[in-house]
Amino acid sequence: MKRIFEWLGGFALIAFSFYFTDKVSLMVASKSELMQEIVSVSDEYKEDYIDAVIDVKDNTIVPGKYGKEINNEESYLNMHDFGSFNENYLVYDYIKPKTSLEDNKDKYIVSGNPQNRSVGIIIEPSENIQKYLDSKDIEYDIIANSAQDITDSEAEYINGANNLEYFKTLDSKISNNKHICIKEYSNLDSCINSNYYIILPQIKLQNSNIVEVKNNISPGSIILISSKTDIKNIELILNEISYKDLDIVYISKLIDEKEAN
(Lines give C-alpha, C1' and ligand atoms only; values in the text may rest on other atoms or scores of the structure.)
Protein backbone atom coordinates (compact mmCIF):
# COMPACT_ATOMS: atom_id res chain seq x y z
CA MET A 1 0.00 0.00 0.00
CA LYS A 2 2.86 2.35 0.90
CA ARG A 3 4.42 1.75 -2.51
CA ILE A 4 1.14 2.61 -4.23
CA PHE A 5 1.02 5.98 -2.45
CA GLU A 6 4.64 6.58 -3.42
CA TRP A 7 3.77 5.91 -7.08
CA LEU A 8 0.73 8.18 -6.91
CA GLY A 9 2.81 10.90 -5.31
CA GLY A 10 5.44 10.52 -8.02
CA PHE A 11 2.87 10.75 -10.80
CA ALA A 12 1.33 13.83 -9.18
CA LEU A 13 4.75 15.46 -8.93
CA ILE A 14 5.49 14.73 -12.60
CA ALA A 15 2.10 16.09 -13.67
CA PHE A 16 2.63 19.26 -11.61
CA SER A 17 6.12 19.67 -13.09
CA PHE A 18 4.73 19.52 -16.65
CA TYR A 19 1.96 21.96 -15.72
CA PHE A 20 4.41 24.38 -14.10
CA THR A 21 6.82 24.11 -17.04
CA ASP A 22 4.02 24.87 -19.51
CA LYS A 23 2.93 27.88 -17.47
CA VAL A 24 6.49 29.24 -17.35
CA SER A 25 6.94 28.62 -21.08
CA LEU A 26 3.72 30.47 -21.90
CA MET A 27 4.72 33.36 -19.64
CA VAL A 28 8.07 33.66 -21.43
CA ALA A 29 6.42 33.32 -24.83
CA SER A 30 3.86 36.04 -24.05
CA LYS A 31 6.69 38.55 -23.63
CA SER A 32 8.57 37.55 -26.78
CA GLU A 33 8.72 39.79 -29.83
CA LEU A 34 7.17 37.06 -31.99
CA MET A 35 4.15 36.63 -29.69
CA GLN A 36 3.66 40.38 -29.50
CA GLU A 37 3.58 40.53 -33.29
CA ILE A 38 1.01 37.72 -33.45
CA VAL A 39 -1.17 39.47 -30.88
CA SER A 40 -0.90 42.78 -32.75
CA VAL A 41 -2.46 41.30 -35.92
CA SER A 42 -5.14 39.24 -34.17
CA ASP A 43 -7.93 41.73 -34.86
CA GLU A 44 -6.85 42.07 -38.49
CA TYR A 45 -7.31 38.35 -39.16
CA LYS A 46 -10.42 37.86 -37.05
CA GLU A 47 -13.65 37.13 -38.91
CA ASP A 48 -17.12 37.07 -37.40
CA TYR A 49 -19.39 34.13 -38.04
CA ILE A 50 -22.45 34.48 -40.31
CA ASP A 51 -25.66 32.68 -39.40
CA ALA A 52 -27.36 30.35 -41.84
CA VAL A 53 -30.50 31.82 -43.40
CA ILE A 54 -33.66 29.78 -42.82
CA ASP A 55 -36.98 30.18 -44.58
CA VAL A 56 -39.41 28.57 -42.15
CA LYS A 57 -42.31 28.66 -44.61
CA ASP A 58 -40.49 26.73 -47.34
CA ASN A 59 -38.29 24.76 -44.93
CA THR A 60 -35.14 25.84 -46.79
CA ILE A 61 -31.71 26.96 -45.68
CA VAL A 62 -28.65 28.74 -47.03
CA PRO A 63 -25.53 27.70 -45.11
CA GLY A 64 -23.81 30.26 -42.93
CA LYS A 65 -20.11 30.78 -42.38
CA TYR A 66 -17.85 29.88 -39.48
CA GLY A 67 -16.01 32.75 -37.88
CA LYS A 68 -12.35 32.43 -37.08
CA GLU A 69 -9.76 33.95 -34.78
CA ILE A 70 -6.06 33.40 -34.31
CA ASN A 71 -4.98 30.90 -31.68
CA ASN A 72 -2.03 32.90 -30.36
CA GLU A 73 -0.31 30.09 -28.49
CA GLU A 74 -0.57 27.51 -31.29
CA SER A 75 0.52 30.09 -33.86
CA TYR A 76 3.54 30.95 -31.72
CA LEU A 77 4.55 27.30 -31.43
CA ASN A 78 4.05 26.88 -35.18
CA MET A 79 6.34 29.82 -35.97
CA HIS A 80 8.90 29.38 -33.22
CA ASP A 81 11.20 27.08 -35.17
CA PHE A 82 10.71 29.22 -38.29
CA GLY A 83 12.21 32.10 -36.34
CA SER A 84 9.99 34.98 -37.43
CA PHE A 85 6.39 35.96 -38.11
CA ASN A 86 4.84 34.32 -41.18
CA GLU A 87 1.09 34.55 -41.81
CA ASN A 88 1.14 31.15 -43.50
CA TYR A 89 1.91 29.58 -40.11
CA LEU A 90 -1.03 31.16 -38.30
CA VAL A 91 -3.32 28.67 -36.55
CA TYR A 92 -7.02 29.49 -36.22
CA ASP A 93 -9.85 28.56 -33.94
CA TYR A 94 -13.16 28.34 -35.79
CA ILE A 95 -16.36 29.73 -34.31
CA LYS A 96 -19.59 27.95 -35.20
CA PRO A 97 -22.57 30.16 -36.18
CA LYS A 98 -25.46 30.31 -33.73
CA THR A 99 -27.72 29.22 -36.57
CA SER A 100 -25.85 26.54 -38.47
CA LEU A 101 -26.58 24.05 -41.22
CA GLU A 102 -25.18 21.34 -38.97
CA ASP A 103 -28.12 21.77 -36.61
CA ASN A 104 -30.74 21.98 -39.37
CA LYS A 105 -30.16 19.03 -41.68
CA ASP A 106 -33.90 18.45 -41.98
CA LYS A 107 -34.12 21.60 -44.11
CA TYR A 108 -33.54 21.82 -47.87
CA ILE A 109 -30.31 23.50 -48.97
CA VAL A 110 -31.08 25.86 -51.87
CA SER A 111 -27.59 27.30 -52.38
CA GLY A 112 -24.14 27.62 -50.94
CA ASN A 113 -23.01 30.67 -49.02
CA PRO A 114 -22.70 33.45 -51.66
CA GLN A 115 -19.46 34.69 -50.07
CA ASN A 116 -17.77 31.59 -51.45
CA ARG A 117 -18.09 32.84 -55.05
CA SER A 118 -18.53 29.25 -56.10
CA VAL A 119 -21.27 27.19 -57.74
CA GLY A 120 -22.09 23.49 -57.74
CA ILE A 121 -23.19 21.27 -60.61
CA ILE A 122 -25.35 18.16 -60.23
CA ILE A 123 -26.11 15.90 -63.19
CA GLU A 124 -28.52 13.10 -63.81
CA PRO A 125 -26.58 9.97 -64.88
CA SER A 126 -25.38 10.46 -68.46
CA GLU A 127 -22.29 8.86 -69.97
CA ASN A 128 -21.87 11.66 -72.53
CA ILE A 129 -22.17 14.47 -70.00
CA GLN A 130 -19.86 12.70 -67.56
CA LYS A 131 -17.21 12.21 -70.24
CA TYR A 132 -17.45 15.84 -71.26
CA LEU A 133 -17.15 17.20 -67.72
CA ASP A 134 -14.32 14.78 -66.93
CA SER A 135 -12.46 15.97 -70.03
CA LYS A 136 -12.71 19.54 -68.71
CA ASP A 137 -11.52 18.53 -65.20
CA ILE A 138 -14.69 19.96 -63.72
CA GLU A 139 -15.84 19.00 -60.24
CA TYR A 140 -19.46 17.83 -60.30
CA ASP A 141 -21.95 15.58 -58.53
CA ILE A 142 -23.93 12.67 -59.98
CA ILE A 143 -27.32 11.49 -58.76
CA ALA A 144 -27.07 7.75 -58.22
CA ASN A 145 -30.39 5.87 -58.16
CA SER A 146 -28.79 2.44 -57.90
CA ALA A 147 -25.37 0.88 -57.50
CA GLN A 148 -25.14 0.56 -61.30
CA ASP A 149 -24.85 4.34 -61.53
CA ILE A 150 -21.58 4.30 -59.56
CA THR A 151 -18.66 4.18 -62.00
CA ASP A 152 -14.95 4.93 -61.73
CA SER A 153 -15.62 8.63 -62.26
CA GLU A 154 -13.92 11.07 -59.91
CA ALA A 155 -17.25 12.84 -59.45
CA GLU A 156 -18.97 13.11 -56.08
CA TYR A 157 -22.07 10.95 -55.69
CA ILE A 158 -25.46 11.91 -54.32
CA ASN A 159 -27.67 9.19 -52.87
CA GLY A 160 -30.72 9.50 -55.11
CA ALA A 161 -32.32 6.19 -54.15
CA ASN A 162 -36.09 6.54 -53.76
CA ASN A 163 -36.61 3.60 -51.43
CA LEU A 164 -35.03 2.37 -48.21
CA GLU A 165 -33.44 -0.78 -49.68
CA TYR A 166 -31.61 1.05 -52.48
CA PHE A 167 -30.70 3.86 -50.08
CA LYS A 168 -28.91 1.46 -47.73
CA THR A 169 -27.16 -0.23 -50.65
CA LEU A 170 -25.85 3.07 -52.00
CA ASP A 171 -24.91 4.24 -48.52
CA SER A 172 -22.44 1.35 -48.32
CA LYS A 173 -21.31 1.47 -51.98
CA ILE A 174 -20.45 5.16 -52.30
CA SER A 175 -16.79 5.64 -51.47
CA ASN A 176 -15.81 8.81 -49.62
CA ASN A 177 -19.50 9.23 -48.80
CA LYS A 178 -20.39 12.90 -48.19
CA HIS A 179 -23.92 12.00 -47.05
CA ILE A 180 -25.85 14.10 -49.55
CA CYS A 181 -29.41 13.57 -50.82
CA ILE A 182 -31.47 15.50 -53.34
CA LYS A 183 -35.13 16.38 -52.95
CA GLU A 184 -37.49 14.89 -55.58
CA TYR A 185 -35.05 12.01 -56.15
CA SER A 186 -34.02 10.66 -52.74
CA ASN A 187 -36.06 8.90 -50.09
CA LEU A 188 -36.43 11.81 -47.67
CA ASP A 189 -37.22 9.74 -44.59
CA SER A 190 -34.02 7.78 -45.13
CA CYS A 191 -32.06 11.00 -45.67
CA ILE A 192 -33.31 12.61 -42.47
CA ASN A 193 -32.94 9.45 -40.38
CA SER A 194 -29.38 9.00 -41.66
CA ASN A 195 -28.48 12.65 -40.95
CA TYR A 196 -27.81 13.46 -44.61
CA TYR A 197 -27.73 16.91 -46.17
CA ILE A 198 -30.69 17.48 -48.50
CA ILE A 199 -30.15 19.59 -51.63
CA LEU A 200 -32.94 21.44 -53.44
CA PRO A 201 -31.47 22.99 -56.64
CA GLN A 202 -33.05 26.27 -57.69
CA ILE A 203 -31.62 26.15 -61.21
CA LYS A 204 -32.52 23.25 -63.51
CA LEU A 205 -30.81 23.23 -66.90
CA GLN A 206 -32.66 21.84 -69.92
CA ASN A 207 -32.30 22.53 -73.61
CA SER A 208 -35.26 24.92 -73.50
CA ASN A 209 -34.15 27.38 -70.79
CA ILE A 210 -30.53 28.34 -71.54
CA VAL A 211 -31.06 32.10 -71.34
CA GLU A 212 -32.99 31.85 -68.08
CA VAL A 213 -30.28 29.72 -66.49
CA LYS A 214 -27.50 32.05 -67.64
CA ASN A 215 -29.28 35.03 -66.08
CA ASN A 216 -29.90 33.26 -62.78
CA ILE A 217 -26.38 31.99 -62.11
CA SER A 218 -24.86 33.73 -59.10
CA PRO A 219 -22.44 32.92 -56.25
CA GLY A 220 -23.71 29.87 -54.37
CA SER A 221 -25.93 28.57 -57.18
CA ILE A 222 -26.67 24.86 -57.38
CA ILE A 223 -27.34 23.83 -60.98
CA LEU A 224 -29.10 20.58 -61.79
CA ILE A 225 -28.44 19.39 -65.37
CA SER A 226 -30.91 17.08 -67.10
CA SER A 227 -29.41 13.97 -68.71
CA LYS A 228 -30.99 15.07 -72.02
CA THR A 229 -29.19 18.41 -72.13
CA ASP A 230 -27.01 18.92 -75.23
CA ILE A 231 -23.29 19.27 -74.64
CA LYS A 232 -23.22 22.57 -76.56
CA ASN A 233 -25.72 24.05 -74.09
CA ILE A 234 -23.71 22.83 -71.11
CA GLU A 235 -20.68 24.50 -72.65
CA LEU A 236 -22.61 27.79 -72.84
CA ILE A 237 -23.41 27.55 -69.14
CA LEU A 238 -19.81 26.76 -68.24
CA ASN A 239 -18.69 29.81 -70.22
CA GLU A 240 -21.18 31.95 -68.32
CA ILE A 241 -19.86 30.65 -65.00
CA SER A 242 -16.32 31.49 -66.09
CA TYR A 243 -17.42 34.93 -67.31
CA LYS A 244 -18.90 35.67 -63.88
CA ASP A 245 -15.59 34.59 -62.31
CA LEU A 246 -17.11 31.77 -60.27
CA ASP A 247 -15.44 28.50 -59.31
CA ILE A 248 -17.14 25.14 -59.81
CA VAL A 249 -16.77 22.91 -56.75
CA TYR A 250 -18.25 19.73 -55.35
CA ILE A 251 -21.53 20.18 -53.51
CA SER A 252 -19.93 19.03 -50.25
CA LYS A 253 -17.49 21.93 -50.49
CA LEU A 254 -20.14 24.41 -51.63
CA ILE A 255 -22.28 23.84 -48.53
CA ASP A 256 -19.43 23.52 -46.03
CA GLU A 257 -19.69 26.42 -43.59
CA LYS A 258 -15.92 26.36 -42.98
CA GLU A 259 -15.08 26.54 -46.69
CA ALA A 260 -16.15 30.20 -46.86
CA ASN A 261 -13.04 31.08 -44.84
# chains A, B, ... in the order shown; residues from 1 in each chain; ligands from 1
>>> select_by_dssp(residues="range 39-134 of chain A", states="strand (DSSP E or B)", output="PyMOL selection string")
chain A and resi 47+50+53-55+60-62+65+67-70+92-95+108-109+118-123
>>> closest_atom_pairs(of="range 77-112 of chain A", to="range 175-188 of chain A", cutoff="12 Å", atoms="only C-alpha atoms", output="JSON lines")
{"residue": "A:Lys105", "atom": "CA", "partner": "A:Ile180", "partner_atom": "CA", "distance": 10.2}
{"residue": "A:Asp106", "atom": "CA", "partner": "A:Leu188", "partner_atom": "CA", "distance": 9.1}
{"residue": "A:Lys107", "atom": "CA", "partner": "A:Lys183", "partner_atom": "CA", "distance": 10.3}
{"residue": "A:Tyr108", "atom": "CA", "partner": "A:Lys183", "partner_atom": "CA", "distance": 7.6}
{"residue": "A:Ile109", "atom": "CA", "partner": "A:Ile182", "partner_atom": "CA", "distance": 9.2}
{"residue": "A:Val110", "atom": "CA", "partner": "A:Lys183", "partner_atom": "CA", "distance": 10.4}
>>> residues_around(residues="range 49-62 of chain A", least_positions_apart="2", cutoff="12 Å", atoms="only C-alpha atoms", output="PyMOL selection string")
chain A and resi 46-47+64-69+93-115+183+197-202+219-222+254-258+260-261
>>> select_by_dssp(residues="range 12-221 of chain A", states="helix (DSSP H, G or I)", output="PyMOL selection string")
chain A and resi 12-30+33-40+42-45+72-80+87-89+101-103+114-116+127-135+147-149+164-173+188-193+210-216
>>> atom_distance(atom1="CA of Glu124 in chain A", atom2="CA of Tyr243 in chain A")
24.7 Å
>>> closest_residue(among="A:Val91, A:Leu164, A:Ile223, A:Val41", to="Ile142 in chain A", atoms="only C-alpha atoms")
A:Ile223
>>> closest_residue(among="A:Glu44, A:Asp171, A:Asp189, A:Glu74", to="Ala144 in chain A", atoms="only C-alpha atoms")
A:Asp171
>>> residues_around(residues="Ser135 in chain A", least_positions_apart="6", cutoff="12 Å", atoms="only C-alpha atoms", output="PyMOL selection string")
chain A and resi 128-129+153-154
>>> write_last_selection(atoms="N, CA and C atoms", output="PDB file, in the first residue's frame")
ATOM      1  N   ASN A 128     -22.420  10.583 -71.696  1.00  0.00           N
ATOM      2  CA  ASN A 128     -21.867  11.656 -72.529  1.00  0.00           C
ATOM      3  C   ASN A 128     -21.510  12.889 -71.706  1.00  0.00           C
ATOM      4  N   ILE A 129     -22.425  13.276 -70.822  1.00  0.00           N
ATOM      5  CA  ILE A 129     -22.172  14.467 -70.002  1.00  0.00           C
ATOM      6  C   ILE A 129     -21.006  14.216 -69.047  1.00  0.00           C
ATOM      7  N   SER A 153     -15.764   7.183 -62.123  1.00  0.00           N
ATOM      8  CA  SER A 153     -15.624   8.628 -62.257  1.00  0.00           C
ATOM      9  C   SER A 153     -15.114   9.245 -60.965  1.00  0.00           C
ATOM     10  N   GLU A 154     -14.409  10.365 -61.089  1.00  0.00           N
ATOM     11  CA  GLU A 154     -13.922  11.073 -59.908  1.00  0.00           C
ATOM     12  C   GLU A 154     -14.977  12.015 -59.348  1.00  0.00           C
TER      13      GLU A 154
END
>>> atom_distance(atom1="CA of Val119 in chain A", atom2="CA of Lys173 in chain A")
26.4 Å
>>> closest_atom_pairs(of="range 32-53 of chain A", to="range 81-86 of chain A", cutoff="10 Å", atoms="only C-alpha atoms", output="Markdown table")
| residue | atom | partner | partner_atom | distance |
| --- | --- | --- | --- | --- |
| A:Glu33 | CA | A:Ser84 | CA | 9.1 |
| A:Leu34 | CA | A:Phe85 | CA | 6.3 |
| A:Met35 | CA | A:Phe85 | CA | 8.7 |
| A:Glu37 | CA | A:Phe85 | CA | 7.2 |
| A:Ile38 | CA | A:Phe85 | CA | 7.3 |
>>> write_last_selection(atoms="N, CA and C atoms", output="PDB file, in the first residue's frame")
ATOM      1  N   GLU A  33       9.035  38.894 -28.707  1.00  0.00           N
ATOM      2  CA  GLU A  33       8.720  39.786 -29.832  1.00  0.00           C
ATOM      3  C   GLU A  33       7.785  39.106 -30.830  1.00  0.00           C
ATOM      4  N   LEU A  34       8.007  37.806 -31.044  1.00  0.00           N
ATOM      5  CA  LEU A  34       7.170  37.065 -31.985  1.00  0.00           C
ATOM      6  C   LEU A  34       5.723  37.006 -31.502  1.00  0.00           C
ATOM      7  N   MET A  35       5.502  36.690 -30.227  1.00  0.00           N
ATOM      8  CA  MET A  35       4.146  36.631 -29.693  1.00  0.00           C
ATOM      9  C   MET A  35       3.476  37.997 -29.755  1.00  0.00           C
ATOM     10  N   GLU A  37       3.954  40.267 -31.900  1.00  0.00           N
ATOM     11  CA  GLU A  37       3.577  40.534 -33.290  1.00  0.00           C
ATOM     12  C   GLU A  37       2.318  39.760 -33.672  1.00  0.00           C
ATOM     13  N   ILE A  38       2.211  38.524 -33.190  1.00  0.00           N
ATOM     14  CA  ILE A  38       1.012  37.723 -33.448  1.00  0.00           C
ATOM     15  C   ILE A  38      -0.209  38.388 -32.829  1.00  0.00           C
TER      16      ILE A  38
END
